[in-house]
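Single-structure report; data block below.
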Amino acid sequence: MMYATGNKKMLNMLILEILKEYTDENHRLTQMEMIQLLEKKYGMTCDRRSVRANIDSLKELGYEIAADKGYYLQERDFDDAELRLLIDGVLSAKGVSQSQAKRLITKLVNQGNRYFQAKVKHIANLPEMRHSDNTVVMKNVEVLNDAIEKKRQVKFIYNSYNTSFKLVPKRDEPYVVNPYQMVVCNGWYYLIGNTEPHDNVSHYRIDKMKKVAIVDKPVKNKSLVAEFARGYNLPRHMAEHIYMFGGDTIEVKFQTGKYLMDQLVDWFGKDFSVKPLKNGDILVTVKCNECAIKYWALQYMEHVEILAPAGVRQEIAKVLKDSLRAYEK
């Protein structure tokens with residue numbers, strides 16, 4: 001942060017910066033140490049009386065500064081644990097590019113004092129985490145946010161990876177979508193919207209969008225979209241679309257062991273019913289996207305048996321039989 005350091009009127013802000021950078025409950029500064037730092041960092045000279053007066057001024061402005069065996073800043077915008085949580089969130093956010101992730105982490109690290117910065121210095125040496133190849137994700141989020149606020153449609157080129165690991169357009173013409181909400185699922189950013197002329201909800205990975213622009217046309221009224229018309233609930237929507245697949249939501253019954261309860265809550269939340277079975281297993285009834293439940297059941301096939309609907313059970317059985325034949329060749 002740059003200041004006109006020759007101006008004595010800026011002294012209180014310079015003292016605040018020193019308190020932010022150098023102090024916490026375990027690291028306190030005396031008046032003399034503060035005077036020395038002001039001279040060293042900012043070329044600002046002052047006396048003890050000026051330090052005391054400016055700290056009193058900062059207290060009047062609402063800053064919580066303790067004066068017990070030295071001065072230290074008691075309250076910050078974020079404590080160390082909160083900053084660490086936010087940094088870990090950025091590291092696990094696959095929807096942002098590597099350069100964006102590093103830039104965000106740098107900003108978060110700088111919110112802490114020098115002692116916190118020393119604790120997280122190893123973050124810069126972490127192996128490259130998995131992040132999007134799209135460097136304009138943050139710009140996409142900004143444009144989509146404006147469109148949602150203004151209740152206007154958006155258009156964009158939607159991409160997918162080719163065998164050379166490059167993002168290429170899925171089709172030449174842009175997608176035109178009614179945008180309603182942005183969410184994070186499994187580390188990726190998604191747009192929840194509706195595509196004309198359909199009446200269902202669709203999901204689009206924001207990191208796979210390019211050339212995102214607002215269209216000067218009002219979004220479709222939510223009452224004309226089936227899921228919104230029957231009473232939209234975001235937590236329920238996310239629980240029913242665990243992989244953000246499109247398609248219908250159905251009621252599914254499956255048998256599994258009690259030991260899977262932690263995973264069930266992780267995937268589906270708590271909006272499902274459990275009934276004990278005579279053999280000690282449980283019967284689970286849950287509403288989920290049809291494509292997603294097939295994928296999920298195959299992922300947990302050693303632990304889960306789909307009982308209903310019969311069509312889903314038969315499709316999973318066919319996949320397993322075909323896979324077995326492929327592996328027996």
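Ordering of the structure tokens sets the chain letters (A, B, ...), residue numbers begin anew at 1 in every chain, and ligands are numbered from 1 in the order given.
DSSP on the backbone gives strand (DSSP E) for these parts of segment 81-180 of chain A: Arg152, Gln153, Val154, Lys155, Phe156, Ile157, Tyr158, Asn159, Ser160, Tyr161, Leu167, Val168, Pro169, Tyr175, Val176, Val177, Asn178, Pro179 and Tyr180 of chain A.
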*Using only C-alpha atoms, which residues sit within 8 Å of Arg205 of chain A once same-chain residues fewer than 4 positions away are excluded, as number ranges by chain?*
A: 188-191, 209
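Distance annotation: of A:Ala229, A:Val154, A:Ile55, A:Ile242, the residue with the minimal separation from Asn140 of chain A is A:Val154; atom set is only C-alpha atoms.
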*Would you list the contacts of Gly246 of chain A as JSON, numbers by chain, taking every protein, DNA or RNA residue within 8 Å and counting only C-alpha atoms, but skipping same-chain residues closer than 4 positions in sequence?*
{"A": [201, 202, 203, 241, 289, 291]}
Restricting the output to C-alpha atoms, write the selected residues as a compact mmCIF listing (two decimals), in the first residue's frame.
```txt
# COMPACT_ATOMS: atom_id res chain seq x y z
CA VAL A 201 -32.83 -26.58 -16.16
CA SER A 202 -29.36 -27.03 -17.66
CA HIS A 203 -25.84 -26.69 -16.23
CA HIS A 241 -27.64 -33.15 -9.22
CA ASN A 289 -30.91 -36.99 -11.25
CA CYS A 291 -27.98 -40.03 -15.07
```
*Pick from A:Val219, A:Val265, A:Cys288, A:Ala53: nearest to Ile250 of chain A, with only C-alpha atoms counted?*
A:Cys288
*Point-to-point distance from atom CA of Arg103 of chain A to atom CA of Met13 of chain A, Å rounded to tenths*: 25.3 Å
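All residues of segment 69-116 of chain A that DSSP, run on the backbone, classes as helix (DSSP H, G or I) are Asp80, Ala81, Glu82, Leu83, Arg84, Leu85, Leu86, Ile87, Asp88, Gly89, Val90, Leu91, Gln98, Ser99, Gln100, Ala101, Lys102, Arg103, Leu104, Ile105, Thr106, Lys107, Leu108, Val109, Arg114, Tyr115 and Phe116 of chain A.
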*What separation in Å, quoted to one decimal, exists between atom CA of Pro174 of chain A and atom CA of Tyr158 of chain A?*
7.1 Å
*Near segment 251-262 of chain A, counting only C-alpha atoms, which residues have an atom at most 12 Å away, once you skip same-chain residues fewer than 3 positions from it, shown as a PyMOL selection string?*
chain A and resi 240+248+265-294+296-297+300-313
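When the distance limit is 8 Å and only C-alpha atoms are what count, the residues near Leu86 of chain A, minus those fewer than 4 positions from it on the same chain, are A:Glu82, A:Val90, A:Leu108.
With distances restricted to only C-alpha atoms, A:Val143 is the closest residue to Lys211 of chain A from A:Val143, A:Cys185, A:Leu224, A:Val177.
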_Point-to-point distance from atom CA of Thr30 of chain A to atom CA of Ile18 of chain A, Å rounded to tenths_ = 11.8 Å
_Just want the 9 Å neighbourhood of Val136 of chain A, counted on only C-alpha atoms, with same-chain residues fewer than 5 positions away dropped. Output as a list in words._
Val96, Ser97, Gln100, Val141, Asp207, Met209 and Lys210 of chain A
Include C-alpha atoms and write out the residues we just selected as a PDB file, in the first residue's frame.
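For reference, part.pdb as written:
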```pdb
ATOM      1  CA  VAL A  96      -9.968 -21.002 -11.770  1.00  0.00           C
ATOM      2  CA  SER A  97      -6.704 -20.958 -13.696  1.00  0.00           C
ATOM      3  CA  GLN A 100      -5.601 -16.669 -11.004  1.00  0.00           C
ATOM      4  CA  VAL A 141     -18.118 -14.849 -13.517  1.00  0.00           C
ATOM      5  CA  ASP A 207     -14.429 -22.514 -17.085  1.00  0.00           C
ATOM      6  CA  MET A 209     -17.127 -20.825 -21.612  1.00  0.00           C
ATOM      7  CA  LYS A 210     -15.455 -18.268 -23.870  1.00  0.00           C
TER       8      LYS A 210
END
```
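Residue nearest Gln299 of chain A, chosen from A:Ser223, A:Gln74, A:Gln263, A:Asn194 and counting only C-alpha atoms: A:Gln263.
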